[in-house]
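Asker: Have a look at this one before I ask anything.
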Amino acid sequence: MSSRPLHQPDAPESPANDSDSDLDLDIQELDPITTSSPGSTSRRDRNSQNERRTGHIPLRNLRMSGLRNLANRSRGYGDLGRRRDTDQDDLHGLLNDDPEDGPNRHSAGSFNSVEDDAPLLQGTRHRRSSSVDTFNRVRSNLGAHLRLPSFMSNASQPIPGDTDNVDEEHDPASSRTVFVGALQTARFPPNAVSNAKYTPISFLPRTLYNEFSFFFNMYFLLVALSQAIPQLRIGYLSTYIVPLVCVLAITLGKEAYDDIDRRRRDNEANSEGYTVLTFENPGMGNAERYHAKKKLKSISKGKKRNTLVSTDRLSDIQEEEDRAESSGSPQPPTTIVHEVVRRSRDLKVGDVLKLGKDQRVPADVVILKSYTNESVPVTTEPDVAPVESLLVDPISDPPIDQSAETIAEGHESTSRLGNTPSADAGGVGETFIRTDQLDGETDWKLRLGSPLTQMLEPSEFVRLRVIAGKPDKKVNEFIGTVELSPKSKGYDPHVPKVNEEGDNNNAETAPLTIDNTAWCNTILASNATTLAVVVYTGPQTRSALSTSPSRSKTGLLEYEINSLTKILCALTLTLSIVLVALEGFEHVEGIKWYVKIMRFLVLFSTIVPISLRVNLDMGKTVYSWFIQRDQGIEGAVVRTSTIPEELGRIEYLLSDKTGTLTQNEMEMKKIHVGTVSYANEAMDEVASYIKQGFSVPASTDPNQPSILITPSSTFLATTTATATRTRREIGSRVRDVVLALAICHNVTPTIEDENGQNITTYQASSPDEIAIVKWTEAVGLRLMHRDRKGMLLQSVDTGRSVVRVRILEIFPFTSDGKRMGIIVQFLDDSESSSANIEAGEIWFYQKGADTVMTSIVAANDWLDEETANMAREGLRTLVVGRKKMSLQQYKEFSANYKEASVAINNRDAGMAQVVSHYLERDLELLGVTGVEDKLQKDVKPSLELLRNAGIKIWMLTGDKVETARCVAVSAKLVARGQYIHTIAKLKRKDDAQDHLDFLRSKTDACLLIDGESLSLFLTHFRTEFISLAVMLPAVVACRCSPTQKADVALLIREHTKKRICCIGDGGNDVSMIQAADVGVGIVGKEGRQASLAADFSITQFCHLTKLLVWHGRNSYKRSAKLAQFVIHRGLIISVCQTMYSIAIKFEPEGLYKDWLMVGYATVYTMAPVFSLVLDKDVDEKLANLYPELYKELTTGASLSYRTFFVWVFVSIYQGGMIQGLSQILTEVDGPRMVAVSFTVLVLNELCMVAFEITTWHPVMVFSLLGTLLLYLGSIPFLGRYFDLGFIITWGFVWRIAAIGAISLIPPYAGKLIRRAVKPPSYRKVQAI
């Protein structure tokens, strides 16, 4: 059988002609002796050439790297000729796998050479003696430069940093494969948070569209464009163009400023630094790494190239490897790990993050490994050159004594149990996260590293591959798998050998569930370091998918003014047509009738004043400045300065609970022991009982172990011998309940170093449990240590250990069971470490909700009454009980419980039945605890004030039903004694109809509904439900997803057409905030996402009252008054123009031209009119004292059709009087008439401003007097329009006075009469 030459330098695809030839080494460079017939090479010939064959050892890593992937690990080296069709990507260019080779592929080492294969597969290989030092030297110097590590061996898996190897963008609708610590095969979106409304490209189109979608802006644009036509031009073109440009410039400038501000704050969040682990091939320099990337890239693209090694060398390579293994050479780690700090926006899918306590998770991650900071595992370091700035020393696999069995057991339990956290997880890979920023839940969540990844050293993470589903908004679901690729072949003293032909050579897999994840914007709560791989980034994270895109918000006042503008425009058109019709439609002097109409429209364009937008936008800026400068709401930020008036029109407030109404800090407030209740200062008495009961006498004999206390300890009685019998009984009860609370929990103490001091902190899934354990410490009994097997309690007074228990069973809390229990055995002495089950008392403790515990504890006459009392105070109640078990009872229970736990069918029900039968019967009732979820500062008075202001308050939370109910009561959202109608876990439509019927008959009830039931109502009874709900005084919705919160806000908006304010502090509130008319974000402890996305940002909930009742009131009232004055100012000059046109026989000639028109709208009237933004009808104290004043604003009476037409009639009267009397008393057309008419017009406007001011401000006085002096000073320069000689005569003065008095006195008198007959509410409260 002939074979092809091994090296053909002149072949068209020779490596010598390829750009990557520096990496493709000729085999003859290291082993020049080859044969033309590999099959004839004998074992003896190879042995005789031992020394020279040593040179090709380094190529084993390069040539054989394709074998280390999943498909080939179970194959022998002699089987390389098989499955060439499926492994072409992996082996192409590395082995002689050209499909055109034909029969030449059947050479030694292929599947036809049984003789050569047999010894390799049977394990009877001949081992050649060679220097291990030579092997190490060659491998480290050359092999590290050429070998492809296992994580690079698959051509489809890219190299970290190879940006050219990225193919197409990943389809978000498909699942994804994430290569840990490596560059991905597809592009994923960047991990950047963006609350910006515009991009540099979309800014102008979107803002201009928004501006010209308003009728009056389009009207001004058409008027300005009409001046380009010579026949329609009246006066200066700039008279019409400049105001429009100013309006657009101011509005676009404000939008740009707001958006730039959002981007700046986004940039702060995106620039937050995170520690990322980077992986580097041991010993590979930058140049070699570059060539390795190029080589791998050419392989992955499937280039055909001539083979450099014949397959007869494969068995040689294997023998060299076996020889290295037999000599005991240590194998370096797969990679070397470095730590780098990257900004949040630079994180990519596949990056491995190192996260610590209280750190925000910047993207959706899968937890790989977690370890406590106080006990970092001791690691072994292989004999390799030290590398600086490593995360950890290069570590190999776990020690032998725990590797094989532990790995097998860990993987088996992972696969069998679905990786569900259990009570006996043992702290391995455990970490707690806070999710209140994501789903609003207050309970901490336990998260675990998969056992498959938890045992890996970070240097081996590159062997991992995570397969995850498509991006999804469901925050409580995740399904995925993690695969561990086999480690490259070589001897490792810490890894037990496995059968090469067995299944163990394949990649190991483990399932991933929600328990292995941490979503973006959650907070790590444990004192642990967590290593996690980024799976979803940026817009594909759970929190981003649950967030609706930001939208441009427009205030109700804008729409109202838009409607009024249409009326004014219709009036203008009607007036123009009427004037032309009165003259007649005949063609006069060559001017066509429709041209006349157009000229009149331009003349009367001041009726729709373009300065209205300028004044309103500038007013909004002033209001925003007032809000941000207010010392009473320090830290307030206005992010959307276009809607401050909306704050004065709110009728529905939708609030989050966690972090908004509450601080998410639990505090033990009350404990009841049957006959006595302790709260506040009375807790000192509890502490004295504990001090007496747990003061263990010190042992005088140093060899005698100290005595430990059990529930049956008898020496305690001596400490209270002088006390009365009743007091002794109460003291005993108190000690029993405190001991039960100190033992019955899932809390783990951790030691943290703060400022050089060791501080004990507690970790648990429930903040309630932490609050109770902190309380037991406060009264004298501290939890010192806790692990899977037991816990140790210490007396705070003496500092000695007083209670030691062995944990026999734990029954964790579930949402269905609503209780948790624990079986413990009390140990008699501190030295006892025996596992003897007969060594101490066995007790069962249980605590839970009163609804389930009532039937479990023994009969009593006080439990229901006390739990009801605590519930009315808004406290979260827990009932505590205990039961003593004999050894026989425990053994019987344990046997039955174990039997039930391995049942195939109805396992959970069987286990629950065993617990109920043996344990949950006639428990001794010890007491009831009341835990309060601390409210934010001044929440109760704030909610009461808002309710009195006519605002209906809804609470939307992701937390549990019971928690939501307690907070609603404690925050006084629900009035004392008010009926709370609860709808939970509703699944049937007919049941939903029954609830609706009930609510129709009881509209004064508070509705408490969960997310599942709410979804049913919104799906099948959308209209009926919302029409009933908006009539109720309060609604509490719990277990709401972020999307549901936004849906509720939109539904109320659509159904009621009222203004809605949404307030929240977490990422789960962003959708709701953006869906509302006004979104308010509270700057939370852990995150600023809500405040960044909101229109207004505050630091405390109580600031909302001032924001609405004071700033909202002022903003709306001022804008309404300002808008009416600007309309009045434009309308009165148009009436003057109309009178003038009639007097000159209906000719479309301008009365005030050029500067007079521009000056009237700007310097002569603008400052006094704009100074109205400083006016206020009541002071802040009265606004808070009488919140009912706010209720009037919601009717929109300040700017309505009625007030609008009142101002129209005033304008027509004043304009008619001014222009008509000016023409009668002077001349119909001429400079004298213009001088009198214009002067009266300006003075009339200044006086009208003075009449409308309620509360004078120095700026108002200055603007009025300054404008008057400015006008008088400019008269000498107006000789082009006025008769200056006439102005300095008394005739001019008396005409001014007479016409002004006739114009001003009647409207002012009418105002005084109306105020006396029907005074406004603010005048009543001022007692005027």
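Ordering of the structure tokens sets the chain letters (A, B, ...), residue numbers begin anew at 1 in every chain, and ligands are numbered from 1 in the order given.
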Run DSSP on the backbone and tell me which residues of range 1157-1210 of chain A come out as helix (DSSP H, G or I); list them as a count of residues only.
Answerer: 36
Asker: Of the candidates A:Glu457, A:Leu368, A:Asn267, A:Gly538, which shows the shortest atom-to-atom distance to Val349 in chain A, using only C-alpha atoms?
Answerer: A:Gly538
Asker: Under the rule that only C-alpha atoms are counted, which of A:Thr1255, A:Thr185, A:Gln1044, A:Thr814 is the nearest residue to Asp1175 in chain A?
Answerer: A:Thr1255
Asker: For Ala196 in chain A, list every protein, DNA or RNA residue within 6 Å, evaluated using only C-alpha atoms, and leave out those in the same chain fewer than 4 positions away; present the list as a PyMOL selection string.
Answerer: chain A and resi 259+262-263
